[in-house]
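Input: a single structure, listed below in structure tokens.
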Amino acid sequence: MKEKFRVKKHQEFQEIINSKNFEKNSFYAIYFRSNNFSYCRIGISASKKLGNAVKRVKIRRQVRAMLCGLWGLDIPLDLVIIVRNGYKIENYNESLKRLKELLDKILRRITNE
């Protein structure tokens, strides 16, 4: 995922989270808001409760890889994906399924507005 498709700054993370539009399950919490770009920007957060730095980086890489296969980057949205304690590194297919469900819910909410 290219740098322009990422949310990197702490202030931007907070603005997206404070917009209070979110969907969640036991694996992820996804906050979203519309943006003024013609593409989607994504930020991924994994807390220290999930493990050491090596595990957290692996989790973020896995989620990024899942998003490349699932999500079209042509939707003008900012997303912050928070990986929750229920996430299992070993169970990639289940994680992918749960992420897809949440992204589908978000798409339905956006199209209904």
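Ordering of the structure tokens sets the chain letters (A, B, ...), residue numbers begin anew at 1 in every chain, and ligands are numbered from 1 in the order given.
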**Prompt:** Tell me, which residues of range 3-63 of chain A carry DSSP strand (DSSP E), written as number ranges by chain?
**Reply:** A: 22-24, 28-34, 41-46
**Message:** Quick check for you: according to DSSP on this backbone, which residues of range 9-83 of chain A are classed as helix (DSSP H, G or I)? Reply as a VMD selection string.
**Reply:** chain A and resid 10 to 18 48 to 50 53 to 70
Mind writing the picked residues with N, CA and C atoms as a PDB file, in the first residue's frame?
ATOM      1  N   HIS A  10      -0.908  11.405  14.168  1.00  0.00           N
ATOM      2  CA  HIS A  10      -1.728  11.187  15.355  1.00  0.00           C
ATOM      3  C   HIS A  10      -2.989  12.049  15.329  1.00  0.00           C
ATOM      4  N   GLN A  11      -2.845  13.294  14.910  1.00  0.00           N
ATOM      5  CA  GLN A  11      -3.992  14.199  14.869  1.00  0.00           C
ATOM      6  C   GLN A  11      -5.065  13.688  13.913  1.00  0.00           C
ATOM      7  N   GLU A  12      -4.670  13.138  12.773  1.00  0.00           N
ATOM      8  CA  GLU A  12      -5.641  12.596  11.826  1.00  0.00           C
ATOM      9  C   GLU A  12      -6.334  11.366  12.389  1.00  0.00           C
ATOM     10  N   PHE A  13      -5.576  10.502  13.079  1.00  0.00           N
ATOM     11  CA  PHE A  13      -6.183   9.353  13.752  1.00  0.00           C
ATOM     12  C   PHE A  13      -7.264   9.828  14.713  1.00  0.00           C
ATOM     13  N   GLN A  14      -6.939  10.833  15.530  1.00  0.00           N
ATOM     14  CA  GLN A  14      -7.884  11.319  16.527  1.00  0.00           C
ATOM     15  C   GLN A  14      -9.116  11.948  15.887  1.00  0.00           C
ATOM     16  N   GLU A  15      -8.934  12.689  14.805  1.00  0.00           N
ATOM     17  CA  GLU A  15     -10.080  13.305  14.127  1.00  0.00           C
ATOM     18  C   GLU A  15     -11.025  12.243  13.576  1.00  0.00           C
ATOM     19  N   ILE A  16     -10.472  11.180  13.016  1.00  0.00           N
ATOM     20  CA  ILE A  16     -11.311  10.111  12.467  1.00  0.00           C
ATOM     21  C   ILE A  16     -12.040   9.387  13.588  1.00  0.00           C
ATOM     22  N   ILE A  17     -11.336   9.097  14.680  1.00  0.00           N
ATOM     23  CA  ILE A  17     -11.957   8.401  15.809  1.00  0.00           C
ATOM     24  C   ILE A  17     -13.022   9.272  16.459  1.00  0.00           C
ATOM     25  N   ASN A  18     -12.767  10.564  16.546  1.00  0.00           N
ATOM     26  CA  ASN A  18     -13.731  11.471  17.170  1.00  0.00           C
ATOM     27  C   ASN A  18     -14.964  11.720  16.307  1.00  0.00           C
ATOM     28  N   LYS A  48      -0.277  -2.549  22.476  1.00  0.00           N
ATOM     29  CA  LYS A  48       0.777  -3.354  23.104  1.00  0.00           C
ATOM     30  C   LYS A  48       0.222  -4.603  23.770  1.00  0.00           C
ATOM     31  N   LYS A  49      -1.074  -4.636  24.011  1.00  0.00           N
ATOM     32  CA  LYS A  49      -1.689  -5.823  24.607  1.00  0.00           C
ATOM     33  C   LYS A  49      -1.636  -7.028  23.671  1.00  0.00           C
ATOM     34  N   LEU A  50      -1.449  -6.785  22.384  1.00  0.00           N
ATOM     35  CA  LEU A  50      -1.410  -7.864  21.402  1.00  0.00           C
ATOM     36  C   LEU A  50      -0.062  -8.577  21.362  1.00  0.00           C
ATOM     37  N   ALA A  53       6.752  -5.807  19.780  1.00  0.00           N
ATOM     38  CA  ALA A  53       6.789  -5.022  18.547  1.00  0.00           C
ATOM     39  C   ALA A  53       6.776  -5.909  17.309  1.00  0.00           C
ATOM     40  N   VAL A  54       7.451  -7.039  17.362  1.00  0.00           N
ATOM     41  CA  VAL A  54       7.507  -7.928  16.210  1.00  0.00           C
ATOM     42  C   VAL A  54       6.109  -8.453  15.877  1.00  0.00           C
ATOM     43  N   LYS A  55       5.346  -8.860  16.875  1.00  0.00           N
ATOM     44  CA  LYS A  55       3.989  -9.365  16.648  1.00  0.00           C
ATOM     45  C   LYS A  55       3.061  -8.271  16.143  1.00  0.00           C
ATOM     46  N   ARG A  56       3.198  -7.069  16.700  1.00  0.00           N
ATOM     47  CA  ARG A  56       2.333  -5.972  16.266  1.00  0.00           C
ATOM     48  C   ARG A  56       2.599  -5.587  14.817  1.00  0.00           C
ATOM     49  N   VAL A  57       3.864  -5.571  14.412  1.00  0.00           N
ATOM     50  CA  VAL A  57       4.197  -5.264  13.029  1.00  0.00           C
ATOM     51  C   VAL A  57       3.652  -6.348  12.105  1.00  0.00           C
ATOM     52  N   LYS A  58       3.752  -7.603  12.531  1.00  0.00           N
ATOM     53  CA  LYS A  58       3.213  -8.701  11.728  1.00  0.00           C
ATOM     54  C   LYS A  58       1.701  -8.556  11.563  1.00  0.00           C
ATOM     55  N   ILE A  59       1.023  -8.196  12.629  1.00  0.00           N
ATOM     56  CA  ILE A  59      -0.424  -8.008  12.577  1.00  0.00           C
ATOM     57  C   ILE A  59      -0.779  -6.888  11.597  1.00  0.00           C
ATOM     58  N   ARG A  60      -0.073  -5.760  11.687  1.00  0.00           N
ATOM     59  CA  ARG A  60      -0.366  -4.645  10.782  1.00  0.00           C
ATOM     60  C   ARG A  60      -0.090  -5.027   9.328  1.00  0.00           C
ATOM     61  N   ARG A  61       0.971  -5.785   9.085  1.00  0.00           N
ATOM     62  CA  ARG A  61       1.258  -6.241   7.725  1.00  0.00           C
ATOM     63  C   ARG A  61       0.178  -7.178   7.213  1.00  0.00           C
ATOM     64  N   GLN A  62      -0.307  -8.075   8.089  1.00  0.00           N
ATOM     65  CA  GLN A  62      -1.379  -8.989   7.684  1.00  0.00           C
ATOM     66  C   GLN A  62      -2.638  -8.217   7.322  1.00  0.00           C
ATOM     67  N   VAL A  63      -3.016  -7.266   8.154  1.00  0.00           N
ATOM     68  CA  VAL A  63      -4.232  -6.486   7.895  1.00  0.00           C
ATOM     69  C   VAL A  63      -4.079  -5.692   6.602  1.00  0.00           C
ATOM     70  N   ARG A  64      -2.909  -5.117   6.377  1.00  0.00           N
ATOM     71  CA  ARG A  64      -2.654  -4.371   5.145  1.00  0.00           C
ATOM     72  C   ARG A  64      -2.785  -5.284   3.927  1.00  0.00           C
ATOM     73  N   ALA A  65      -2.267  -6.502   4.036  1.00  0.00           N
ATOM     74  CA  ALA A  65      -2.371  -7.457   2.924  1.00  0.00           C
ATOM     75  C   ALA A  65      -3.828  -7.850   2.686  1.00  0.00           C
ATOM     76  N   MET A  66      -4.594  -8.024   3.752  1.00  0.00           N
ATOM     77  CA  MET A  66      -6.014  -8.346   3.605  1.00  0.00           C
ATOM     78  C   MET A  66      -6.744  -7.220   2.887  1.00  0.00           C
ATOM     79  N   LEU A  67      -6.430  -5.983   3.243  1.00  0.00           N
ATOM     80  CA  LEU A  67      -7.103  -4.832   2.648  1.00  0.00           C
ATOM     81  C   LEU A  67      -6.804  -4.699   1.168  1.00  0.00           C
ATOM     82  N   CYS A  68      -5.586  -5.008   0.764  1.00  0.00           N
ATOM     83  CA  CYS A  68      -5.234  -4.909  -0.660  1.00  0.00           C
ATOM     84  C   CYS A  68      -6.098  -5.844  -1.496  1.00  0.00           C
ATOM     85  N   GLY A  69      -6.465  -6.994  -0.935  1.00  0.00           N
ATOM     86  CA  GLY A  69      -7.299  -7.930  -1.670  1.00  0.00           C
ATOM     87  C   GLY A  69      -8.780  -7.635  -1.597  1.00  0.00           C
ATOM     88  N   LEU A  70      -9.221  -6.934  -0.560  1.00  0.00           N
ATOM     89  CA  LEU A  70     -10.655  -6.737  -0.332  1.00  0.00           C
ATOM     90  C   LEU A  70     -11.189  -5.376  -0.748  1.00  0.00           C
TER      91      LEU A  70
END
Skipping near chain neighbours, those fewer than 3 positions away, what residues fall within 8 Å of range 78-94 of chain A using only C-alpha atoms, listed as a PDB file with all heavy atoms, in the first residue's frame?
ATOM      1  N   VAL A   7      -3.040   6.781   6.630  1.00  0.00           N
ATOM      2  CA  VAL A   7      -3.196   7.822   7.636  1.00  0.00           C
ATOM      3  C   VAL A   7      -2.037   7.619   8.598  1.00  0.00           C
ATOM      4  O   VAL A   7      -1.886   6.549   9.176  1.00  0.00           O
ATOM      5  CB  VAL A   7      -4.541   7.687   8.385  1.00  0.00           C
ATOM      6  CG1 VAL A   7      -4.646   8.715   9.484  1.00  0.00           C
ATOM      7  CG2 VAL A   7      -5.700   7.801   7.420  1.00  0.00           C
ATOM      8  N   PHE A  13      -5.576  10.502  13.079  1.00  0.00           N
ATOM      9  CA  PHE A  13      -6.183   9.353  13.752  1.00  0.00           C
ATOM     10  C   PHE A  13      -7.264   9.828  14.713  1.00  0.00           C
ATOM     11  O   PHE A  13      -8.382   9.300  14.732  1.00  0.00           O
ATOM     12  CB  PHE A  13      -5.123   8.559  14.530  1.00  0.00           C
ATOM     13  CG  PHE A  13      -4.478   7.454  13.755  1.00  0.00           C
ATOM     14  CD1 PHE A  13      -3.422   7.704  12.903  1.00  0.00           C
ATOM     15  CD2 PHE A  13      -4.905   6.144  13.895  1.00  0.00           C
ATOM     16  CE1 PHE A  13      -2.810   6.685  12.204  1.00  0.00           C
ATOM     17  CE2 PHE A  13      -4.314   5.120  13.197  1.00  0.00           C
ATOM     18  CZ  PHE A  13      -3.254   5.387  12.346  1.00  0.00           C
ATOM     19  N   ILE A  16     -10.472  11.180  13.016  1.00  0.00           N
ATOM     20  CA  ILE A  16     -11.311  10.111  12.467  1.00  0.00           C
ATOM     21  C   ILE A  16     -12.040   9.387  13.588  1.00  0.00           C
ATOM     22  O   ILE A  16     -13.240   9.111  13.498  1.00  0.00           O
ATOM     23  CB  ILE A  16     -10.459   9.134  11.630  1.00  0.00           C
ATOM     24  CG1 ILE A  16      -9.891   9.857  10.415  1.00  0.00           C
ATOM     25  CG2 ILE A  16     -11.281   7.931  11.193  1.00  0.00           C
ATOM     26  CD1 ILE A  16      -8.788   9.106   9.709  1.00  0.00           C
ATOM     27  N   ILE A  17     -11.336   9.097  14.680  1.00  0.00           N
ATOM     28  CA  ILE A  17     -11.957   8.401  15.809  1.00  0.00           C
ATOM     29  C   ILE A  17     -13.022   9.272  16.459  1.00  0.00           C
ATOM     30  O   ILE A  17     -14.091   8.788  16.847  1.00  0.00           O
ATOM     31  CB  ILE A  17     -10.881   7.955  16.817  1.00  0.00           C
ATOM     32  CG1 ILE A  17     -10.038   6.832  16.203  1.00  0.00           C
ATOM     33  CG2 ILE A  17     -11.504   7.500  18.131  1.00  0.00           C
ATOM     34  CD1 ILE A  17      -8.815   6.451  16.996  1.00  0.00           C
ATOM     35  N   SER A  26     -15.318  -8.764  17.345  1.00  0.00           N
ATOM     36  CA  SER A  26     -14.342  -9.189  18.340  1.00  0.00           C
ATOM     37  C   SER A  26     -12.900  -9.068  17.850  1.00  0.00           C
ATOM     38  O   SER A  26     -11.976  -9.093  18.646  1.00  0.00           O
ATOM     39  CB  SER A  26     -14.619 -10.626  18.769  1.00  0.00           C
ATOM     40  OG  SER A  26     -14.526 -11.489  17.655  1.00  0.00           O
ATOM     41  N   PHE A  27     -12.695  -8.909  16.540  1.00  0.00           N
ATOM     42  CA  PHE A  27     -11.343  -8.816  15.983  1.00  0.00           C
ATOM     43  C   PHE A  27     -10.911  -7.375  15.720  1.00  0.00           C
ATOM     44  O   PHE A  27      -9.746  -7.046  15.888  1.00  0.00           O
ATOM     45  CB  PHE A  27     -11.254  -9.587  14.665  1.00  0.00           C
ATOM     46  CG  PHE A  27     -11.170 -11.073  14.812  1.00  0.00           C
ATOM     47  CD1 PHE A  27     -11.744 -11.744  15.866  1.00  0.00           C
ATOM     48  CD2 PHE A  27     -10.513 -11.821  13.864  1.00  0.00           C
ATOM     49  CE1 PHE A  27     -11.677 -13.112  15.985  1.00  0.00           C
ATOM     50  CE2 PHE A  27     -10.436 -13.191  13.959  1.00  0.00           C
ATOM     51  CZ  PHE A  27     -11.017 -13.840  15.030  1.00  0.00           C
ATOM     52  N   TYR A  28     -11.846  -6.532  15.257  1.00  0.00           N
ATOM     53  CA  TYR A  28     -11.510  -5.187  14.803  1.00  0.00           C
ATOM     54  C   TYR A  28     -12.542  -4.167  15.276  1.00  0.00           C
ATOM     55  O   TYR A  28     -13.692  -4.492  15.504  1.00  0.00           O
ATOM     56  CB  TYR A  28     -11.504  -5.102  13.271  1.00  0.00           C
ATOM     57  CG  TYR A  28     -10.686  -6.141  12.572  1.00  0.00           C
ATOM     58  CD1 TYR A  28     -11.283  -7.271  12.026  1.00  0.00           C
ATOM     59  CD2 TYR A  28      -9.321  -5.987  12.445  1.00  0.00           C
ATOM     60  CE1 TYR A  28     -10.537  -8.226  11.380  1.00  0.00           C
ATOM     61  CE2 TYR A  28      -8.569  -6.942  11.800  1.00  0.00           C
ATOM     62  CZ  TYR A  28      -9.175  -8.063  11.268  1.00  0.00           C
ATOM     63  OH  TYR A  28      -8.430  -9.005  10.630  1.00  0.00           O
ATOM     64  N   ALA A  29     -12.093  -2.927  15.348  1.00  0.00           N
ATOM     65  CA  ALA A  29     -12.975  -1.765  15.431  1.00  0.00           C
ATOM     66  C   ALA A  29     -12.533  -0.849  14.299  1.00  0.00           C
ATOM     67  O   ALA A  29     -11.344  -0.522  14.188  1.00  0.00           O
ATOM     68  CB  ALA A  29     -12.840  -1.064  16.771  1.00  0.00           C
ATOM     69  N   ILE A  30     -13.458  -0.473  13.430  1.00  0.00           N
ATOM     70  CA  ILE A  30     -13.120   0.362  12.283  1.00  0.00           C
ATOM     71  C   ILE A  30     -13.889   1.670  12.382  1.00  0.00           C
ATOM     72  O   ILE A  30     -15.117   1.686  12.384  1.00  0.00           O
ATOM     73  CB  ILE A  30     -13.451  -0.338  10.951  1.00  0.00           C
ATOM     74  CG1 ILE A  30     -12.717  -1.671  10.851  1.00  0.00           C
ATOM     75  CG2 ILE A  30     -13.085   0.564   9.783  1.00  0.00           C
ATOM     76  CD1 ILE A  30     -13.014  -2.444   9.590  1.00  0.00           C
ATOM     77  N   TYR A  31     -13.140   2.757  12.479  1.00  0.00           N
ATOM     78  CA  TYR A  31     -13.711   4.100  12.479  1.00  0.00           C
ATOM     79  C   TYR A  31     -13.557   4.660  11.076  1.00  0.00           C
ATOM     80  O   TYR A  31     -12.552   4.408  10.414  1.00  0.00           O
ATOM     81  CB  TYR A  31     -12.976   5.001  13.471  1.00  0.00           C
ATOM     82  CG  TYR A  31     -13.214   4.610  14.909  1.00  0.00           C
ATOM     83  CD1 TYR A  31     -12.459   3.623  15.518  1.00  0.00           C
ATOM     84  CD2 TYR A  31     -14.202   5.236  15.648  1.00  0.00           C
ATOM     85  CE1 TYR A  31     -12.683   3.256  16.829  1.00  0.00           C
ATOM     86  CE2 TYR A  31     -14.439   4.886  16.962  1.00  0.00           C
ATOM     87  CZ  TYR A  31     -13.676   3.901  17.549  1.00  0.00           C
ATOM     88  OH  TYR A  31     -13.906   3.537  18.849  1.00  0.00           O
ATOM     89  N   PHE A  32     -14.537   5.451  10.634  1.00  0.00           N
ATOM     90  CA  PHE A  32     -14.476   5.969   9.275  1.00  0.00           C
ATOM     91  C   PHE A  32     -15.115   7.343   9.190  1.00  0.00           C
ATOM     92  O   PHE A  32     -15.926   7.728  10.027  1.00  0.00           O
ATOM     93  CB  PHE A  32     -15.148   5.012   8.285  1.00  0.00           C
ATOM     94  CG  PHE A  32     -16.598   4.760   8.553  1.00  0.00           C
ATOM     95  CD1 PHE A  32     -17.569   5.486   7.903  1.00  0.00           C
ATOM     96  CD2 PHE A  32     -17.002   3.791   9.463  1.00  0.00           C
ATOM     97  CE1 PHE A  32     -18.908   5.265   8.142  1.00  0.00           C
ATOM     98  CE2 PHE A  32     -18.332   3.558   9.713  1.00  0.00           C
ATOM     99  CZ  PHE A  32     -19.291   4.296   9.054  1.00  0.00           C
ATOM    100  N   ARG A  33     -14.688   8.078   8.173  1.00  0.00           N
ATOM    101  CA  ARG A  33     -15.298   9.367   7.811  1.00  0.00           C
ATOM    102  C   ARG A  33     -14.971   9.641   6.363  1.00  0.00           C
ATOM    103  O   ARG A  33     -14.034   9.075   5.799  1.00  0.00           O
ATOM    104  CB  ARG A  33     -14.794  10.495   8.704  1.00  0.00           C
ATOM    105  CG  ARG A  33     -13.379  10.887   8.415  1.00  0.00           C
ATOM    106  CD  ARG A  33     -12.965  12.150   9.079  1.00  0.00           C
ATOM    107  NE  ARG A  33     -11.597  12.441   8.644  1.00  0.00           N
ATOM    108  CZ  ARG A  33     -10.903  13.455   9.036  1.00  0.00           C
ATOM    109  NH1 ARG A  33     -11.412  14.292   9.904  1.00  0.00           N
ATOM    110  NH2 ARG A  33      -9.695  13.654   8.583  1.00  0.00           N
ATOM    111  N   SER A  34     -15.743  10.491   5.744  1.00  0.00           N
ATOM    112  CA  SER A  34     -15.471  10.831   4.339  1.00  0.00           C
ATOM    113  C   SER A  34     -14.308  11.822   4.284  1.00  0.00           C
ATOM    114  O   SER A  34     -14.043  12.547   5.238  1.00  0.00           O
ATOM    115  CB  SER A  34     -16.713  11.421   3.686  1.00  0.00           C
ATOM    116  OG  SER A  34     -17.094  12.585   4.363  1.00  0.00           O
ATOM    117  N   ASN A  35     -13.623  11.824   3.157  1.00  0.00           N
ATOM    118  CA  ASN A  35     -12.531  12.771   2.966  1.00  0.00           C
ATOM    119  C   ASN A  35     -12.715  13.526   1.659  1.00  0.00           C
ATOM    120  O   ASN A  35     -13.626  13.251   0.895  1.00  0.00           O
ATOM    121  CB  ASN A  35     -11.163  12.066   3.037  1.00  0.00           C
ATOM    122  CG  ASN A  35     -10.932  11.096   1.905  1.00  0.00           C
ATOM    123  OD1 ASN A  35     -11.501  11.212   0.832  1.00  0.00           O
ATOM    124  ND2 ASN A  35     -10.082  10.124   2.140  1.00  0.00           N
ATOM    125  N   CYS A  40      -9.126   6.333  -0.940  1.00  0.00           N
ATOM    126  CA  CYS A  40      -9.285   5.923   0.451  1.00  0.00           C
ATOM    127  C   CYS A  40      -7.933   5.990   1.161  1.00  0.00           C
ATOM    128  O   CYS A  40      -6.901   5.647   0.596  1.00  0.00           O
ATOM    129  CB  CYS A  40      -9.815   4.492   0.476  1.00  0.00           C
ATOM    130  SG  CYS A  40     -10.131   3.859   2.103  1.00  0.00           S
ATOM    131  N   ARG A  41      -7.947   6.461   2.423  1.00  0.00           N
ATOM    132  CA  ARG A  41      -6.732   6.448   3.248  1.00  0.00           C
ATOM    133  C   ARG A  41      -7.011   5.565   4.453  1.00  0.00           C
ATOM    134  O   ARG A  41      -8.092   5.620   5.041  1.00  0.00           O
ATOM    135  CB  ARG A  41      -6.367   7.848   3.703  1.00  0.00           C
ATOM    136  CG  ARG A  41      -6.033   8.765   2.559  1.00  0.00           C
ATOM    137  CD  ARG A  41      -5.530  10.113   3.008  1.00  0.00           C
ATOM    138  NE  ARG A  41      -6.311  10.656   4.100  1.00  0.00           N
ATOM    139  CZ  ARG A  41      -5.803  11.473   5.039  1.00  0.00           C
ATOM    140  NH1 ARG A  41      -4.551  11.839   5.001  1.00  0.00           N
ATOM    141  NH2 ARG A  41      -6.574  11.944   5.997  1.00  0.00           N
ATOM    142  N   ILE A  42      -6.021   4.765   4.835  1.00  0.00           N
ATOM    143  CA  ILE A  42      -6.214   3.776   5.884  1.00  0.00           C
ATOM    144  C   ILE A  42      -5.102   3.882   6.913  1.00  0.00           C
ATOM    145  O   ILE A  42      -3.925   3.974   6.557  1.00  0.00           O
ATOM    146  CB  ILE A  42      -6.238   2.358   5.276  1.00  0.00           C
ATOM    147  CG1 ILE A  42      -7.382   2.242   4.277  1.00  0.00           C
ATOM    148  CG2 ILE A  42      -6.362   1.307   6.373  1.00  0.00           C
ATOM    149  CD1 ILE A  42      -7.342   1.007   3.435  1.00  0.00           C
ATOM    150  N   GLY A  43      -5.485   3.840   8.190  1.00  0.00           N
ATOM    151  CA  GLY A  43      -4.526   3.768   9.287  1.00  0.00           C
ATOM    152  C   GLY A  43      -4.825   2.524  10.098  1.00  0.00           C
ATOM    153  O   GLY A  43      -5.985   2.181  10.332  1.00  0.00           O
ATOM    154  N   ILE A  44      -3.784   1.823  10.534  1.00  0.00           N
ATOM    155  CA  ILE A  44      -3.944   0.583  11.277  1.00  0.00           C
ATOM    156  C   ILE A  44      -3.248   0.736  12.616  1.00  0.00           C
ATOM    157  O   ILE A  44      -2.094   1.170  12.675  1.00  0.00           O
ATOM    158  CB  ILE A  44      -3.360  -0.614  10.502  1.00  0.00           C
ATOM    159  CG1 ILE A  44      -4.029  -0.736   9.144  1.00  0.00           C
ATOM    160  CG2 ILE A  44      -3.527  -1.902  11.302  1.00  0.00           C
ATOM    161  CD1 ILE A  44      -3.342  -1.694   8.205  1.00  0.00           C
ATOM    162  N   SER A  45      -3.944   0.344  13.685  1.00  0.00           N
ATOM    163  CA  SER A  45      -3.394   0.444  15.031  1.00  0.00           C
ATOM    164  C   SER A  45      -3.485  -0.904  15.728  1.00  0.00           C
ATOM    165  O   SER A  45      -4.527  -1.562  15.681  1.00  0.00           O
ATOM    166  CB  SER A  45      -4.182   1.493  15.823  1.00  0.00           C
ATOM    167  OG  SER A  45      -3.754   1.517  17.155  1.00  0.00           O
ATOM    168  N   ALA A  46      -2.383  -1.313  16.360  1.00  0.00           N
ATOM    169  CA  ALA A  46      -2.349  -2.545  17.143  1.00  0.00           C
ATOM    170  C   ALA A  46      -1.744  -2.199  18.497  1.00  0.00           C
ATOM    171  O   ALA A  46      -0.611  -1.709  18.566  1.00  0.00           O
ATOM    172  CB  ALA A  46      -1.525  -3.617  16.443  1.00  0.00           C
ATOM    173  N   SER A  47      -2.467  -2.446  19.575  1.00  0.00           N
ATOM    174  CA  SER A  47      -1.996  -2.030  20.894  1.00  0.00           C
ATOM    175  C   SER A  47      -0.942  -2.981  21.446  1.00  0.00           C
ATOM    176  O   SER A  47      -0.755  -4.099  20.952  1.00  0.00           O
ATOM    177  CB  SER A  47      -3.169  -1.943  21.871  1.00  0.00           C
ATOM    178  OG  SER A  47      -3.496  -3.217  22.349  1.00  0.00           O
ATOM    179  N   LYS A  49      -1.074  -4.636  24.011  1.00  0.00           N
ATOM    180  CA  LYS A  49      -1.689  -5.823  24.607  1.00  0.00           C
ATOM    181  C   LYS A  49      -1.636  -7.028  23.671  1.00  0.00           C
ATOM    182  O   LYS A  49      -1.767  -8.160  24.108  1.00  0.00           O
ATOM    183  CB  LYS A  49      -3.147  -5.542  24.967  1.00  0.00           C
ATOM    184  CG  LYS A  49      -3.305  -4.536  26.073  1.00  0.00           C
ATOM    185  CD  LYS A  49      -4.768  -4.271  26.343  1.00  0.00           C
ATOM    186  CE  LYS A  49      -4.918  -3.198  27.387  1.00  0.00           C
ATOM    187  NZ  LYS A  49      -6.322  -2.873  27.625  1.00  0.00           N
ATOM    188  N   LEU A  50      -1.449  -6.785  22.384  1.00  0.00           N
ATOM    189  CA  LEU A  50      -1.410  -7.864  21.402  1.00  0.00           C
ATOM    190  C   LEU A  50      -0.062  -8.577  21.362  1.00  0.00           C
ATOM    191  O   LEU A  50       0.035  -9.655  20.804  1.00  0.00           O
ATOM    192  CB  LEU A  50      -1.735  -7.329  20.012  1.00  0.00           C
ATOM    193  CG  LEU A  50      -3.167  -6.862  19.825  1.00  0.00           C
ATOM    194  CD1 LEU A  50      -3.317  -6.144  18.500  1.00  0.00           C
ATOM    195  CD2 LEU A  50      -4.122  -8.029  19.905  1.00  0.00           C
ATOM    196  N   ILE A  59       1.023  -8.196  12.629  1.00  0.00           N
ATOM    197  CA  ILE A  59      -0.424  -8.008  12.577  1.00  0.00           C
ATOM    198  C   ILE A  59      -0.779  -6.888  11.597  1.00  0.00           C
ATOM    199  O   ILE A  59      -1.665  -7.034  10.756  1.00  0.00           O
ATOM    200  CB  ILE A  59      -0.991  -7.717  13.977  1.00  0.00           C
ATOM    201  CG1 ILE A  59      -0.927  -8.971  14.838  1.00  0.00           C
ATOM    202  CG2 ILE A  59      -2.406  -7.174  13.911  1.00  0.00           C
ATOM    203  CD1 ILE A  59      -1.202  -8.731  16.309  1.00  0.00           C
ATOM    204  N   LYS A  97     -12.249 -13.034   6.928  1.00  0.00           N
ATOM    205  CA  LYS A  97     -13.712 -13.094   6.871  1.00  0.00           C
ATOM    206  C   LYS A  97     -14.335 -12.007   7.745  1.00  0.00           C
ATOM    207  O   LYS A  97     -15.259 -11.304   7.322  1.00  0.00           O
ATOM    208  CB  LYS A  97     -14.169 -14.478   7.329  1.00  0.00           C
ATOM    209  CG  LYS A  97     -15.656 -14.671   7.355  1.00  0.00           C
ATOM    210  CD  LYS A  97     -15.985 -16.059   7.856  1.00  0.00           C
ATOM    211  CE  LYS A  97     -17.396 -16.108   8.379  1.00  0.00           C
ATOM    212  NZ  LYS A  97     -17.686 -17.343   9.092  1.00  0.00           N
ATOM    213  N   ARG A  98     -13.815 -11.844   8.963  1.00  0.00           N
ATOM    214  CA  ARG A  98     -14.348 -10.822   9.873  1.00  0.00           C
ATOM    215  C   ARG A  98     -14.111  -9.408   9.348  1.00  0.00           C
ATOM    216  O   ARG A  98     -14.970  -8.537   9.481  1.00  0.00           O
ATOM    217  CB  ARG A  98     -13.702 -10.962  11.252  1.00  0.00           C
ATOM    218  CG  ARG A  98     -13.976 -12.264  11.954  1.00  0.00           C
ATOM    219  CD  ARG A  98     -15.391 -12.278  12.529  1.00  0.00           C
ATOM    220  NE  ARG A  98     -15.653 -13.497  13.235  1.00  0.00           N
ATOM    221  CZ  ARG A  98     -15.575 -13.630  14.554  1.00  0.00           C
ATOM    222  NH1 ARG A  98     -15.235 -12.604  15.304  1.00  0.00           N
ATOM    223  NH2 ARG A  98     -15.849 -14.778  15.114  1.00  0.00           N
TER     224      ARG A  98
END
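Near Asn36 in chain A, within a cut-off of 9 Å and counting only C-alpha atoms, sit the residues Tyr39, Pro76 and Leu77 of chain A, with same-chain residues fewer than 3 positions away left out.
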Store the residues of this selection in a file with all heavy atoms, as an mmCIF file, in the first residue's frame.
data_model
loop_
_atom_site.group_PDB
_atom_site.id
_atom_site.type_symbol
_atom_site.label_atom_id
_atom_site.label_comp_id
_atom_site.auth_asym_id
_atom_site.auth_seq_id
_atom_site.Cartn_x
_atom_site.Cartn_y
_atom_site.Cartn_z
ATOM 1 N N TYR A 39 -9.572 9.118 -3.217
ATOM 2 C CA TYR A 39 -9.115 7.786 -2.841
ATOM 3 C C TYR A 39 -9.287 7.568 -1.343
ATOM 4 O O TYR A 39 -9.550 8.492 -0.585
ATOM 5 C CB TYR A 39 -7.647 7.579 -3.243
ATOM 6 C CG TYR A 39 -6.708 8.654 -2.750
ATOM 7 C CD1 TYR A 39 -6.120 8.575 -1.489
ATOM 8 C CD2 TYR A 39 -6.398 9.746 -3.547
ATOM 9 C CE1 TYR A 39 -5.265 9.552 -1.040
ATOM 10 C CE2 TYR A 39 -5.547 10.738 -3.101
ATOM 11 C CZ TYR A 39 -4.975 10.625 -1.852
ATOM 12 O OH TYR A 39 -4.132 11.604 -1.408
ATOM 13 N N PRO A 76 -13.840 7.617 -1.439
ATOM 14 C CA PRO A 76 -13.284 8.733 -0.666
ATOM 15 C C PRO A 76 -13.593 8.629 0.824
ATOM 16 O O PRO A 76 -14.487 9.282 1.344
ATOM 17 C CB PRO A 76 -13.938 9.962 -1.296
ATOM 18 C CG PRO A 76 -15.228 9.455 -1.831
ATOM 19 C CD PRO A 76 -14.979 8.041 -2.257
ATOM 20 N N LEU A 77 -12.833 7.786 1.515
ATOM 21 C CA LEU A 77 -13.014 7.558 2.947
ATOM 22 C C LEU A 77 -11.673 7.564 3.654
ATOM 23 O O LEU A 77 -10.653 7.213 3.079
ATOM 24 C CB LEU A 77 -13.632 6.180 3.196
ATOM 25 C CG LEU A 77 -15.117 5.999 3.129
ATOM 26 C CD1 LEU A 77 -15.463 4.553 3.409
ATOM 27 C CD2 LEU A 77 -15.823 6.891 4.107
#
